[in-house]
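Peer 1: Here you go, upload_1.pdb (PDB, C-alpha atoms and all ligand atoms):
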```pdb
ATOM      1  CA  MET Q   1      19.484  -0.370   7.219
ATOM      2  CA  ARG Q   2      17.475   0.897   4.200
ATOM      3  CA  HIS Q   3      16.095   4.236   5.493
ATOM      4  CA  LEU Q   4      16.232   6.250   8.729
ATOM      5  CA  LEU Q   5      12.790   7.786   9.131
ATOM      6  CA  SER Q   6      12.028   7.647  12.861
ATOM      7  CA  ALA Q   7      13.888   7.038  16.108
ATOM      8  CA  ALA Q   8      11.005   4.725  17.010
ATOM      9  CA  ASP Q   9      12.055   2.349  14.200
ATOM     10  CA  LEU Q  10      15.407   1.586  15.830
ATOM     11  CA  SER Q  11      15.851  -1.483  18.021
ATOM     12  CA  ARG Q  12      18.254  -1.311  20.960
ATOM     13  CA  ALA Q  13      20.877  -3.272  18.951
ATOM     14  CA  GLU Q  14      20.498  -1.022  15.896
ATOM     15  CA  ALA Q  15      20.763   2.138  17.998
ATOM     16  CA  ILE Q  16      23.893   0.862  19.735
ATOM     17  CA  GLU Q  17      25.393  -0.107  16.364
ATOM     18  CA  ILE Q  18      24.892   3.481  15.138
ATOM     19  CA  LEU Q  19      26.321   4.944  18.376
ATOM     20  CA  ASP Q  20      29.346   2.633  18.222
ATOM     21  CA  THR Q  21      29.928   3.487  14.549
ATOM     22  CA  THR Q  22      29.650   7.152  15.551
ATOM     23  CA  ALA Q  23      32.449   6.618  18.096
ATOM     24  CA  THR Q  24      34.633   5.208  15.303
ATOM     25  CA  MET Q  25      33.791   8.158  13.037
ATOM     26  CA  ALA Q  26      34.384  10.680  15.842
ATOM     27  CA  ALA Q  27      37.853   9.214  16.428
ATOM     28  CA  THR Q  28      38.765   9.949  12.798
ATOM     29  CA  GLN Q  29      37.737  13.594  13.178
ATOM     30  CA  SER Q  30      40.623  14.487  15.473
ATOM     31  CA  ARG Q  31      43.135  13.390  12.801
ATOM     32  CA  GLU Q  32      44.943  15.896  10.637
ATOM     33  CA  ILE Q  33      43.268  14.452   7.530
ATOM     34  CA  LYS Q  34      39.606  13.960   8.393
ATOM     35  CA  LYS Q  35      38.471  12.531   5.073
ATOM     36  CA  LEU Q  36      37.703   8.796   4.603
ATOM     37  CA  PRO Q  37      37.230   7.131   1.184
ATOM     38  CA  ALA Q  38      34.155   5.092   2.247
ATOM     39  CA  LEU Q  39      31.539   6.726  -0.037
ATOM     40  CA  ARG Q  40      33.772   7.751  -2.953
ATOM     41  CA  GLY Q  41      31.774   7.854  -6.201
ATOM     42  CA  LEU Q  42      28.380   8.161  -4.453
ATOM     43  CA  THR Q  43      26.142  11.237  -4.405
ATOM     44  CA  VAL Q  44      24.177  12.451  -1.385
ATOM     45  CA  VAL Q  45      21.370  14.961  -2.001
ATOM     46  CA  ASN Q  46      20.413  17.293   0.849
ATOM     47  CA  LEU Q  47      16.811  18.314   0.243
ATOM     48  CA  PHE Q  48      15.877  21.140   2.624
ATOM     49  CA  PHE Q  49      12.351  22.562   2.403
ATOM     50  CA  GLU Q  50      12.645  24.193   5.848
ATOM     51  CA  ASP Q  51      15.357  26.385   7.365
ATOM     52  CA  SER Q  52      18.290  24.730   9.092
ATOM     53  CA  THR Q  53      21.807  25.621  10.173
ATOM     54  CA  ARG Q  54      23.225  22.699  12.170
ATOM     55  CA  THR Q  55      21.543  19.763  10.430
ATOM     56  CA  ARG Q  56      22.101  20.969   6.865
ATOM     57  CA  ILE Q  57      25.742  21.863   7.395
ATOM     58  CA  SER Q  58      26.551  18.724   9.354
ATOM     59  CA  PHE Q  59      24.964  16.386   6.777
ATOM     60  CA  GLU Q  60      27.024  18.156   4.112
ATOM     61  CA  ALA Q  61      30.207  17.908   6.186
ATOM     62  CA  ALA Q  62      29.481  14.246   7.002
ATOM     63  CA  ALA Q  63      28.965  13.264   3.349
ATOM     64  CA  LYS Q  64      32.069  15.159   2.230
ATOM     65  CA  ARG Q  65      34.228  13.629   4.968
ATOM     66  CA  LEU Q  66      33.191  10.223   3.637
ATOM     67  CA  SER Q  67      34.268  11.418   0.130
ATOM     68  CA  ALA Q  68      30.736  11.451  -1.311
ATOM     69  CA  ASP Q  69      29.668  14.104  -3.804
ATOM     70  CA  VAL Q  70      26.994  16.404  -2.352
ATOM     71  CA  ILE Q  71      24.112  18.225  -4.031
ATOM     72  CA  ASN Q  72      22.434  20.804  -1.790
ATOM     73  CA  PHE Q  73      18.845  21.683  -2.619
ATOM     74  CA  SER Q  74      17.073  24.477  -0.762
ATOM     75  CA  ALA Q  75      13.385  25.109  -1.440
ATOM     76  CA  LYS Q  76      14.083  28.847  -1.281
ATOM     77  CA  GLY Q  77      15.170  29.929  -4.758
ATOM     78  CA  SER Q  78      14.030  26.655  -6.369
ATOM     79  CA  SER Q  79      11.089  25.763  -8.606
ATOM     80  CA  VAL Q  80       9.086  24.879  -5.467
ATOM     81  CA  SER Q  81       8.091  28.585  -5.484
ATOM     82  CA  LYS Q  82       6.572  27.954  -8.948
ATOM     83  CA  GLY Q  83       4.389  25.177  -7.542
ATOM     84  CA  GLU Q  84       6.614  22.141  -8.190
ATOM     85  CA  SER Q  85       5.485  19.150  -6.115
ATOM     86  CA  LEU Q  86       7.619  16.945  -3.842
ATOM     87  CA  LYS Q  87       7.136  14.150  -6.396
ATOM     88  CA  ASP Q  88       8.516  16.173  -9.307
ATOM     89  CA  THR Q  89      11.401  17.503  -7.220
ATOM     90  CA  ALA Q  90      12.218  13.918  -6.192
ATOM     91  CA  LEU Q  91      12.006  12.603  -9.776
ATOM     92  CA  THR Q  92      14.344  15.398 -10.903
ATOM     93  CA  LEU Q  93      16.893  14.503  -8.229
ATOM     94  CA  ALA Q  94      16.643  10.779  -8.989
ATOM     95  CA  ALA Q  95      17.336  11.579 -12.648
ATOM     96  CA  MET Q  96      20.507  13.374 -11.578
ATOM     97  CA  GLY Q  97      21.832  10.187  -9.967
ATOM     98  CA  ALA Q  98      21.288  10.570  -6.222
ATOM     99  CA  ASP Q  99      22.447   7.596  -4.120
ATOM    100  CA  ALA Q 100      20.856   8.869  -0.873
ATOM    101  CA  VAL Q 101      18.397  11.635  -0.058
ATOM    102  CA  VAL Q 102      18.445  13.593   3.180
ATOM    103  CA  ILE Q 103      15.187  15.492   3.605
ATOM    104  CA  ARG Q 104      13.945  18.185   5.962
ATOM    105  CA  HIS Q 105      10.342  19.190   5.419
ATOM    106  CA  GLN Q 106       7.777  21.277   7.249
ATOM    107  CA  ALA Q 107       5.152  18.556   6.702
ATOM    108  CA  SER Q 108       5.163  15.617   9.121
ATOM    109  CA  GLY Q 109       5.367  12.412   7.078
ATOM    110  CA  ALA Q 110       7.121  13.868   4.000
ATOM    111  CA  PRO Q 111      10.255  11.657   4.446
ATOM    112  CA  HIS Q 112       8.046   8.559   4.824
ATOM    113  CA  ARG Q 113       6.147   9.511   1.662
ATOM    114  CA  LEU Q 114       9.426   9.936  -0.207
ATOM    115  CA  ALA Q 115      10.778   6.601   1.044
ATOM    116  CA  THR Q 116       7.652   4.591   0.204
ATOM    117  CA  SER Q 117       6.377   6.323  -2.946
ATOM    118  CA  GLY Q 118       8.676   4.695  -5.485
ATOM    119  CA  TRP Q 119       9.695   8.180  -6.725
ATOM    120  CA  VAL Q 120      13.268   7.489  -5.571
ATOM    121  CA  ARG Q 121      14.898   4.103  -5.007
ATOM    122  CA  THR Q 122      17.624   5.366  -2.686
ATOM    123  CA  PRO Q 123      17.908   5.409   1.102
ATOM    124  CA  VAL Q 124      16.015   8.322   2.666
ATOM    125  CA  VAL Q 125      17.148  10.031   5.881
ATOM    126  CA  ASN Q 126      14.715  12.163   7.848
ATOM    127  CA  ALA Q 127      16.487  15.406   8.817
ATOM    128  CA  GLY Q 128      13.390  16.690  10.653
ATOM    129  CA  ASP Q 129       9.746  16.617   9.515
ATOM    130  CA  GLY Q 130       7.214  19.030  10.960
ATOM    131  CA  MET Q 131       6.422  18.246  14.599
ATOM    132  CA  HIS Q 132       7.045  14.534  14.070
ATOM    133  CA  GLN Q 133      10.616  13.166  14.122
ATOM    134  CA  HIS Q 134      14.293  14.189  13.980
ATOM    135  CA  PRO Q 135      16.089  10.858  14.441
ATOM    136  CA  THR Q 136      19.685  11.999  13.867
ATOM    137  CA  GLN Q 137      19.206  14.719  16.521
ATOM    138  CA  ALA Q 138      18.097  12.046  19.011
ATOM    139  CA  LEU Q 139      21.095   9.895  18.049
ATOM    140  CA  LEU Q 140      23.582  12.741  18.535
ATOM    141  CA  ASP Q 141      21.942  13.588  21.863
ATOM    142  CA  ALA Q 142      22.175   9.939  22.970
ATOM    143  CA  PHE Q 143      25.800   9.757  21.822
ATOM    144  CA  THR Q 144      26.613  12.906  23.819
ATOM    145  CA  MET Q 145      24.873  11.522  26.928
ATOM    146  CA  ARG Q 146      26.599   8.154  26.584
ATOM    147  CA  ARG Q 147      29.995   9.863  26.391
ATOM    148  CA  HIS Q 148      29.314  11.717  29.617
ATOM    149  CA  LEU Q 149      27.295   9.157  31.549
ATOM    150  CA  ALA Q 150      28.228   5.657  30.383
ATOM    151  CA  GLY Q 151      31.874   5.988  29.369
ATOM    152  CA  GLY Q 152      34.897   4.567  31.108
ATOM    153  CA  GLY Q 153      36.021   1.051  32.074
ATOM    154  CA  ASP Q 154      35.956  -1.612  29.360
ATOM    155  CA  ALA Q 155      33.562   0.534  27.351
ATOM    156  CA  GLY Q 156      36.201   3.209  26.792
ATOM    157  CA  PRO Q 157      35.564   6.933  26.897
ATOM    158  CA  ASP Q 158      32.621   6.731  24.475
ATOM    159  CA  GLY Q 159      30.774   3.990  26.382
ATOM    160  CA  VAL Q 160      31.082   1.695  23.344
ATOM    161  CA  GLY Q 161      28.631  -1.226  23.429
ATOM    162  CA  ARG Q 162      26.555   0.322  26.183
ATOM    163  CA  ASP Q 163      23.019   1.660  26.354
ATOM    164  CA  LEU Q 164      21.745   4.362  28.729
ATOM    165  CA  ALA Q 165      20.041   2.067  31.251
ATOM    166  CA  GLY Q 166      19.233   3.943  34.434
ATOM    167  CA  ALA Q 167      20.199   7.389  33.131
ATOM    168  CA  LYS Q 168      17.743  10.040  34.310
ATOM    169  CA  VAL Q 169      16.940  12.593  31.620
ATOM    170  CA  VAL Q 170      14.677  15.633  32.046
ATOM    171  CA  ILE Q 171      13.388  17.332  28.862
ATOM    172  CA  VAL Q 172      11.904  20.784  29.429
ATOM    173  CA  GLY Q 173       9.777  23.172  27.415
ATOM    174  CA  ASP Q 174       7.795  23.277  24.189
ATOM    175  CA  VAL Q 175       7.113  19.552  23.847
ATOM    176  CA  LEU Q 176       3.960  20.216  21.822
ATOM    177  CA  HIS Q 177       5.829  21.502  18.762
ATOM    178  CA  SER Q 178       9.023  19.483  19.239
ATOM    179  CA  ARG Q 179      10.153  16.679  16.930
ATOM    180  CA  VAL Q 180      13.330  16.623  19.054
ATOM    181  CA  ALA Q 181      11.323  15.714  22.183
ATOM    182  CA  ARG Q 182       9.367  12.980  20.381
ATOM    183  CA  SER Q 183      12.521  11.452  18.880
ATOM    184  CA  ASN Q 184      14.411  11.635  22.167
ATOM    185  CA  VAL Q 185      11.624  10.005  24.178
ATOM    186  CA  ASP Q 186      11.494   7.140  21.652
ATOM    187  CA  LEU Q 187      15.252   6.562  21.489
ATOM    188  CA  LEU Q 188      16.024   7.127  25.180
ATOM    189  CA  HIS Q 189      13.274   4.669  26.121
ATOM    190  CA  THR Q 190      14.750   2.089  23.711
ATOM    191  CA  LEU Q 191      18.169   2.654  25.315
ATOM    192  CA  GLY Q 192      16.794   2.157  28.843
ATOM    193  CA  ALA Q 193      16.887   5.738  30.149
ATOM    194  CA  ASP Q 194      14.203   7.171  32.435
ATOM    195  CA  VAL Q 195      12.756  10.313  30.827
ATOM    196  CA  THR Q 196      10.649  13.036  32.467
ATOM    197  CA  LEU Q 197       9.021  15.722  30.328
ATOM    198  CA  VAL Q 198       8.395  19.093  31.995
ATOM    199  CA  ALA Q 199       6.178  21.715  30.386
ATOM    200  CA  PRO Q 200       3.159  23.921  30.981
ATOM    201  CA  PRO Q 201      -0.044  21.963  30.193
ATOM    202  CA  THR Q 202      -0.580  24.131  27.094
ATOM    203  CA  LEU Q 203       2.730  22.946  25.607
ATOM    204  CA  LEU Q 204       2.102  19.225  25.999
ATOM    205  CA  PRO Q 205       0.463  17.246  23.168
ATOM    206  CA  VAL Q 206      -2.800  15.358  23.567
ATOM    207  CA  GLY Q 207      -1.944  11.758  24.491
ATOM    208  CA  VAL Q 208       1.444  12.534  26.074
ATOM    209  CA  HIS Q 209       0.469  10.395  29.072
ATOM    210  CA  THR Q 210       0.632   7.325  26.794
ATOM    211  CA  TRP Q 211       4.296   8.062  25.915
ATOM    212  CA  PRO Q 212       6.989   5.953  27.649
ATOM    213  CA  CYS Q 213       8.006   8.719  30.072
ATOM    214  CA  ALA Q 214       6.869  10.644  33.147
ATOM    215  CA  VAL Q 215       5.246  14.076  32.790
ATOM    216  CA  SER Q 216       5.402  17.067  35.147
ATOM    217  CA  TYR Q 217       4.321  20.711  35.103
ATOM    218  CA  ASP Q 218       6.792  21.759  37.812
ATOM    219  CA  LEU Q 219      10.482  22.172  36.891
ATOM    220  CA  ASP Q 220      11.810  22.964  40.375
ATOM    221  CA  ALA Q 221      10.069  19.937  41.916
ATOM    222  CA  THR Q 222      11.342  17.704  39.091
ATOM    223  CA  ILE Q 223      14.947  18.828  39.529
ATOM    224  CA  ALA Q 224      14.684  18.140  43.273
ATOM    225  CA  ASP Q 225      12.881  14.780  42.934
ATOM    226  CA  VAL Q 226      14.557  13.251  39.852
ATOM    227  CA  ARG Q 227      18.131  14.523  40.417
ATOM    228  CA  PRO Q 228      18.744  14.289  36.629
ATOM    229  CA  ASP Q 229      21.942  13.139  34.918
ATOM    230  CA  ALA Q 230      21.062  15.276  31.890
ATOM    231  CA  ILE Q 231      18.663  18.163  31.396
ATOM    232  CA  MET Q 232      17.632  19.106  27.868
ATOM    233  CA  MET Q 233      16.061  22.507  27.281
ATOM    234  CA  LEU Q 234      13.779  22.736  24.226
ATOM    235  CA  ARG Q 235      13.473  25.775  22.015
ATOM    236  CA  VAL Q 236      10.225  27.700  22.426
ATOM    237  CA  GLN Q 237       8.984  27.513  18.811
ATOM    238  CA  ARG Q 238       7.427  30.942  18.593
ATOM    239  CA  GLU Q 239       7.059  30.725  14.790
ATOM    240  CA  ARG Q 240       4.629  27.798  15.206
ATOM    241  CA  MET Q 241       2.817  29.588  18.056
ATOM    242  CA  SER Q 242       2.199  32.853  16.216
ATOM    243  CA  SER Q 243       0.585  30.989  13.301
ATOM    244  CA  ALA Q 244      -1.767  29.382  15.864
ATOM    245  CA  GLY Q 245      -2.685  32.765  17.318
ATOM    246  CA  GLY Q 246      -0.400  32.584  20.387
ATOM    247  CA  GLY Q 247      -1.770  32.170  23.900
ATOM    248  CA  PHE Q 248       0.392  29.214  24.952
ATOM    249  CA  PHE Q 249       1.769  31.118  27.978
ATOM    250  CA  PRO Q 250       1.007  34.530  29.486
ATOM    251  CA  SER Q 251       4.319  36.222  28.603
ATOM    252  CA  PRO Q 252       7.944  35.322  27.793
ATOM    253  CA  MET Q 253       8.929  36.563  31.274
ATOM    254  CA  GLU Q 254       6.364  34.274  32.937
ATOM    255  CA  TYR Q 255       7.570  31.309  30.840
ATOM    256  CA  SER Q 256      11.191  32.008  31.664
ATOM    257  CA  ARG Q 257      10.458  32.333  35.376
ATOM    258  CA  ARG Q 258       8.672  28.952  35.565
ATOM    259  CA  TYR Q 259      10.458  26.897  32.899
ATOM    260  CA  GLY Q 260      13.729  28.636  32.028
ATOM    261  CA  LEU Q 261      17.105  27.256  33.097
ATOM    262  CA  ASP Q 262      18.422  30.244  35.059
ATOM    263  CA  GLY Q 263      21.415  30.449  37.401
ATOM    264  CA  THR Q 264      19.417  29.312  40.459
ATOM    265  CA  ARG Q 265      18.134  26.176  38.740
ATOM    266  CA  LEU Q 266      21.589  25.525  37.279
ATOM    267  CA  ALA Q 267      22.992  25.549  40.817
ATOM    268  CA  ALA Q 268      20.243  23.169  41.989
ATOM    269  CA  LEU Q 269      21.217  20.463  39.459
ATOM    270  CA  PRO Q 270      23.437  17.584  40.584
ATOM    271  CA  GLU Q 271      27.100  18.422  40.002
ATOM    272  CA  HIS Q 272      27.540  15.811  37.250
ATOM    273  CA  CYS Q 273      24.338  16.761  35.347
ATOM    274  CA  VAL Q 274      24.984  17.940  31.790
ATOM    275  CA  VAL Q 275      23.005  20.793  30.221
ATOM    276  CA  MET Q 276      21.796  20.131  26.675
ATOM    277  CA  HIS Q 277      19.949  22.074  23.980
ATOM    278  CA  PRO Q 278      19.425  21.003  20.346
ATOM    279  CA  GLY Q 279      19.700  24.578  19.090
ATOM    280  CA  PRO Q 280      18.900  27.093  17.862
ATOM    281  CA  MET Q 281      18.538  28.668  21.316
ATOM    282  CA  ASN Q 282      16.417  31.547  22.561
ATOM    283  CA  ARG Q 283      18.913  32.865  25.105
ATOM    284  CA  GLY Q 284      17.101  34.485  28.018
ATOM    285  CA  LEU Q 285      13.878  32.575  27.337
ATOM    286  CA  GLU Q 286      14.258  28.793  27.799
ATOM    287  CA  ILE Q 287      17.939  28.996  28.787
ATOM    288  CA  SER Q 288      20.075  31.721  30.375
ATOM    289  CA  ALA Q 289      23.467  32.660  28.945
ATOM    290  CA  LYS Q 290      24.960  31.472  32.246
ATOM    291  CA  ALA Q 291      23.573  27.964  31.701
ATOM    292  CA  ALA Q 292      24.271  27.851  27.955
ATOM    293  CA  ASP Q 293      27.900  28.888  28.400
ATOM    294  CA  SER Q 294      28.599  26.973  31.621
ATOM    295  CA  PRO Q 295      31.298  24.252  31.746
ATOM    296  CA  ARG Q 296      28.555  21.616  32.095
ATOM    297  CA  SER Q 297      26.879  22.721  28.838
ATOM    298  CA  THR Q 298      27.272  20.183  25.996
ATOM    299  CA  ILE Q 299      25.608  22.395  23.393
ATOM    300  CA  VAL Q 300      28.678  22.946  21.188
ATOM    301  CA  GLU Q 301      29.768  19.331  21.699
ATOM    302  CA  GLN Q 302      26.324  18.191  20.467
ATOM    303  CA  VAL Q 303      26.931  20.069  17.196
ATOM    304  CA  ALA Q 304      30.347  18.420  16.751
ATOM    305  CA  ASN Q 305      28.878  14.989  17.547
ATOM    306  CA  GLY Q 306      26.196  15.671  14.923
ATOM    307  CA  VAL Q 307      28.787  15.367  12.150
ATOM    308  CA  ALA Q 308      30.040  12.000  13.440
ATOM    309  CA  VAL Q 309      26.481  10.652  13.914
ATOM    310  CA  ARG Q 310      25.543  11.654  10.358
ATOM    311  CA  MET Q 311      28.756  10.097   9.014
ATOM    312  CA  ALA Q 312      27.760   6.872  10.797
ATOM    313  CA  VAL Q 313      24.198   6.939   9.449
ATOM    314  CA  LEU Q 314      25.281   7.632   5.846
ATOM    315  CA  TYR Q 315      27.986   4.982   6.096
ATOM    316  CA  LEU Q 316      25.608   2.326   7.450
ATOM    317  CA  LEU Q 317      22.920   3.176   4.877
ATOM    318  CA  LEU Q 318      25.204   3.279   1.856
ATOM    319  CA  ALA Q 319      27.985   0.871   2.731
ATOM    320  CA  GLY Q 320      26.139  -1.846   4.694
ATOM    321  CA  GLY Q 321      24.586  -2.550   8.083
ATOM    322  CA  THR Q 322      21.364  -3.812   9.612
ATOM    323  CA  GLU Q 323      17.738  -3.081   8.670
ATOM    324  CA  THR Q 324      15.533  -0.731  10.685
ATOM    325  CA  GLU Q 325      11.815  -1.377  11.248
ATOM    326  CA  GLY Q 326      11.002   1.460   8.862
ATOM    327  CA  SER Q 327      12.823  -0.275   6.029
ATOM    328  CA  ARG Q 328      10.854  -3.494   6.154
TER
HETATM  329  N1  LIG N 401      18.864  21.125  16.016
HETATM  330  C1  LIG N 401      18.523  21.434  14.745
HETATM  331  O1  LIG N 401      17.844  20.686  14.049
HETATM  332  O2  LIG N 401      19.000  22.638  14.314
HETATM  333  P1  LIG N 401      18.802  23.251  12.852
HETATM  334  O3  LIG N 401      17.337  23.603  12.710
HETATM  335  O4  LIG N 401      19.697  24.463  12.819
HETATM  336  O5  LIG N 401      19.197  22.211  11.864
END
```
Would you mind writing the file's structure down as structure tokens?
Peer 2:
Amino acid sequence: MRHLLSAADLSRAEAIEILDTTATMAATQSREIKKLPALRGLTVVNLFFEDSTRTRISFEAAAKRLSADVINFSAKGSSVSKGESLKDTALTLAAMGADAVVIRHQASGAPHRLATSGWVRTPVVNAGDGMHQHPTQALLDAFTMRRHLAGGGDAGPDGVGRDLAGAKVVIVGDVLHSRVARSNVDLLHTLGADVTLVAPPTLLPVGVHTWPCAVSYDLDATIADVRPDAIMMLRVQRERMSSAGGGFFPSPMEYSRRYGLDGTRLAALPEHCVVMHPGPMNRGLEISAKAADSPRSTIVEQVANGVAVRMAVLYLLLAGGTETEGSR
């Protein structure tokens, strides 16, 4: 594996290899000493041009737990405010001896540009670009689902070696602005899951009917018809809506009433169905506190699994593994 730019670049075998490596990494995280020597002497640069809590911290924790040195770069407070380009920032970091670059950027395609420009010769990991892709989020979501849905038997509690064939996953909300939805549809399809997207028509992208999933405008009907194994609520990305002049739904109350996961809808889900959210959440809008804090919520577990997934990705990129499509 040379880079991780898009969930769509991963084959079924490559995705399962990352999930299985994640299971190995996760097992080390319950030990008293969590640190492994695998990346000792290497430097990982976290290049964040857009705000982040979970992804930034978990990439830092992952690199440190593999004994790498970490340089954190945040566009806020840097020379980006003086007009420095992505190219010059990248050249500066390369000169400082980066061995891998993790990049979050508000522009879709920035990680691909960095990986293919020749400005850096290191592996590049996409930590979320614009409305395009967030592959490590999709991997941690798939790992969490596999633990709950495909574990047990010979596969062990983490479902090692297995895909998600036959799992029914419903993804609800602001699909239009969501790199998490795009990445999850790509990866879940590769892993054999059946995905249904639910959103108001105004929050679905043009061309969504060509994606490898079903599409619905009606959450209650979908819960009743699909009987999902996992339901993933998406954040309503109000910051992207206000810059477009708003008007995507009549009011937050109307949105919540039709598409929010409230107590009634929570009770209508099959008993085994897990409730997921990538975070950060708008409590009371796309998800009620009752749903977010319920015993079937995996939201905190997703954050913990994010560290193990990112350990696996950094390990496979820097210490060996297979090639993804995006690296060829
Ligand atoms: N899920 C996610 O990407 O969260 P952050 O924006 O906090 O990194």
Peer 1: Go through Q:Thr92, Q:Thr43, Q:Ser288, Q:Asn126 and flag the residue nearest ligand LIG 401 (chain N), using all atoms listed in the file for the distances.
Peer 2: Q:Asn126
Peer 1: Which residues are near ligand LIG 401 (chain N) - at most 8 Å, using only C-alpha atoms and all ligand atoms? Format: as a PDB file with C-alpha atoms, keeping the file's coordinate frame.
Peer 2:
```
ATOM      1  CA  ASP Q  51      15.357  26.385   7.365  1.00  0.00           C
ATOM      2  CA  SER Q  52      18.290  24.730   9.092  1.00  0.00           C
ATOM      3  CA  THR Q  53      21.807  25.621  10.173  1.00  0.00           C
ATOM      4  CA  ARG Q  54      23.225  22.699  12.170  1.00  0.00           C
ATOM      5  CA  THR Q  55      21.543  19.763  10.430  1.00  0.00           C
ATOM      6  CA  ARG Q  56      22.101  20.969   6.865  1.00  0.00           C
ATOM      7  CA  ILE Q  57      25.742  21.863   7.395  1.00  0.00           C
ATOM      8  CA  ALA Q 127      16.487  15.406   8.817  1.00  0.00           C
ATOM      9  CA  GLY Q 128      13.390  16.690  10.653  1.00  0.00           C
ATOM     10  CA  HIS Q 134      14.293  14.189  13.980  1.00  0.00           C
ATOM     11  CA  GLN Q 137      19.206  14.719  16.521  1.00  0.00           C
ATOM     12  CA  VAL Q 180      13.330  16.623  19.054  1.00  0.00           C
ATOM     13  CA  PRO Q 278      19.425  21.003  20.346  1.00  0.00           C
ATOM     14  CA  GLY Q 279      19.700  24.578  19.090  1.00  0.00           C
ATOM     15  CA  PRO Q 280      18.900  27.093  17.862  1.00  0.00           C
TER      16      PRO Q 280
END
```
Peer 1: Report as a tab-separated table the residues of range 190-303 of chain Q within 10 Å of range 1-14 of chain Q, each with its shortest atom pair and distance in Å (one decimal), using only C-alpha atoms, ordered by chain and increasing residue number.
Peer 2:
```
residue	atom	partner	partner_atom	distance
Q:Thr190	CA	Q:Arg12	CA	5.6
Q:Leu191	CA	Q:Arg12	CA	5.9
Q:Gly192	CA	Q:Arg12	CA	8.7
```
Peer 1: From the set Q:Asp141, Q:Asp88, Q:Arg182, Q:Ala98, which residue has the shortest atom-to-atom contact distance to Arg121 in chain Q, counting only C-alpha atoms?
Peer 2: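 Between Q:Asp141, Q:Asp88, Q:Arg182, Q:Ala98, the residue approaching Arg121 in chain Q most closely is Q:Ala98.
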Peer 1: Between CA of Gly77 in chain Q and CA of Pro123 in chain Q, measure the distance and give it in Å to one decimal.
Peer 2: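 CA of Pro123 in chain Q lies at a distance of 25.4 Å from CA of Gly77 in chain Q.
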Peer 1: Just so the selection is clear, what residues does the PyMOL selection byres (((chain Q and resi 194) around 9) and not hetatm) cover here, as a PyMOL selection string?
Peer 2: chain Q and resi 164-170+188-189+192-193+195-196+212-214
Peer 1: For the selection you just gave me, I'd like the residues written to a file as a PDB file, in the frame of the given file, keeping C-alpha atoms.
Peer 2:
```pdb
ATOM      1  CA  LEU Q 164      21.745   4.362  28.729  1.00  0.00           C
ATOM      2  CA  ALA Q 165      20.041   2.067  31.251  1.00  0.00           C
ATOM      3  CA  GLY Q 166      19.233   3.943  34.434  1.00  0.00           C
ATOM      4  CA  ALA Q 167      20.199   7.389  33.131  1.00  0.00           C
ATOM      5  CA  LYS Q 168      17.743  10.040  34.310  1.00  0.00           C
ATOM      6  CA  VAL Q 169      16.940  12.593  31.620  1.00  0.00           C
ATOM      7  CA  VAL Q 170      14.677  15.633  32.046  1.00  0.00           C
ATOM      8  CA  LEU Q 188      16.024   7.127  25.180  1.00  0.00           C
ATOM      9  CA  HIS Q 189      13.274   4.669  26.121  1.00  0.00           C
ATOM     10  CA  GLY Q 192      16.794   2.157  28.843  1.00  0.00           C
ATOM     11  CA  ALA Q 193      16.887   5.738  30.149  1.00  0.00           C
ATOM     12  CA  VAL Q 195      12.756  10.313  30.827  1.00  0.00           C
ATOM     13  CA  THR Q 196      10.649  13.036  32.467  1.00  0.00           C
ATOM     14  CA  PRO Q 212       6.989   5.953  27.649  1.00  0.00           C
ATOM     15  CA  CYS Q 213       8.006   8.719  30.072  1.00  0.00           C
ATOM     16  CA  ALA Q 214       6.869  10.644  33.147  1.00  0.00           C
TER      17      ALA Q 214
END
```
Peer 1: Do a neighbour search on Ala26 in chain Q at 9 Å with only C-alpha atoms, toss out local chain neighbours closer than 2 positions, and write the hits as a list in words.
Peer 2: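 These residues fall inside the cut-off: Thr21, Thr22, Ala23, Thr24, Thr28, Gln29, Ser30, Ala304, Asn305, Val307, Ala308, Val309 and Met311 of chain Q.
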Peer 1: So, counting only C-alpha atoms, which residue among Q:Leu86, Q:Ala63, Q:Leu234, Q:Leu19 is closest to Tyr315 in chain Q?
Peer 2: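 Looking at the shortest contact to Tyr315 in chain Q, the residue is Q:Ala63.
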Peer 1: Mind telling me what the PyMOL selection byres (((chain Q and resi 263) around 9) and not hetatm) catches here, as a list in words?
Peer 2: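 The output of the PyMOL selection byres (((chain Q and resi 263) around 9) and not hetatm) on this file is Leu261, Asp262, Thr264, Arg265, Leu266, Ala267, Ala268, Ser288, Ala289, Lys290 and Ala291 of chain Q.
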Peer 1: Which residue gives the smallest distance to Val44 in chain Q among Q:Leu317, Q:Phe249, Q:Thr116, Q:Leu140, with only C-alpha atoms counted?
Peer 2: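 Between Q:Leu317, Q:Phe249, Q:Thr116, Q:Leu140, the residue approaching Val44 in chain Q most closely is Q:Leu317.
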Peer 1: So that I can see what lies close to Trp211 in chain Q, please list as a PyMOL selection string the residues with an atom at most 9 Å from it, counting all atoms listed in the file and leaving out residues fewer than 4 positions away in the same chain.
Peer 2: chain Q and resi 182+185-186+207
Peer 1: Mind giving me the axis-aligned box for range 183-196 of chain Q with 6 Å on every side, centre plus edges in Å to one decimal, as lines of an AutoDock Vina configuration file?
Peer 2:
```
center_x = 14.4
center_y = 7.6
center_z = 25.7
size_x = 19.5
size_y = 22.9
size_z = 25.6
```
Peer 1: Which residues are close to Arg179 in chain Q, i.e. within 6 Å by only C-alpha atoms, leaving aside same-chain residues fewer than 5 positions away? Reply as a PyMOL selection string.
Peer 2: chain Q and resi 131-134
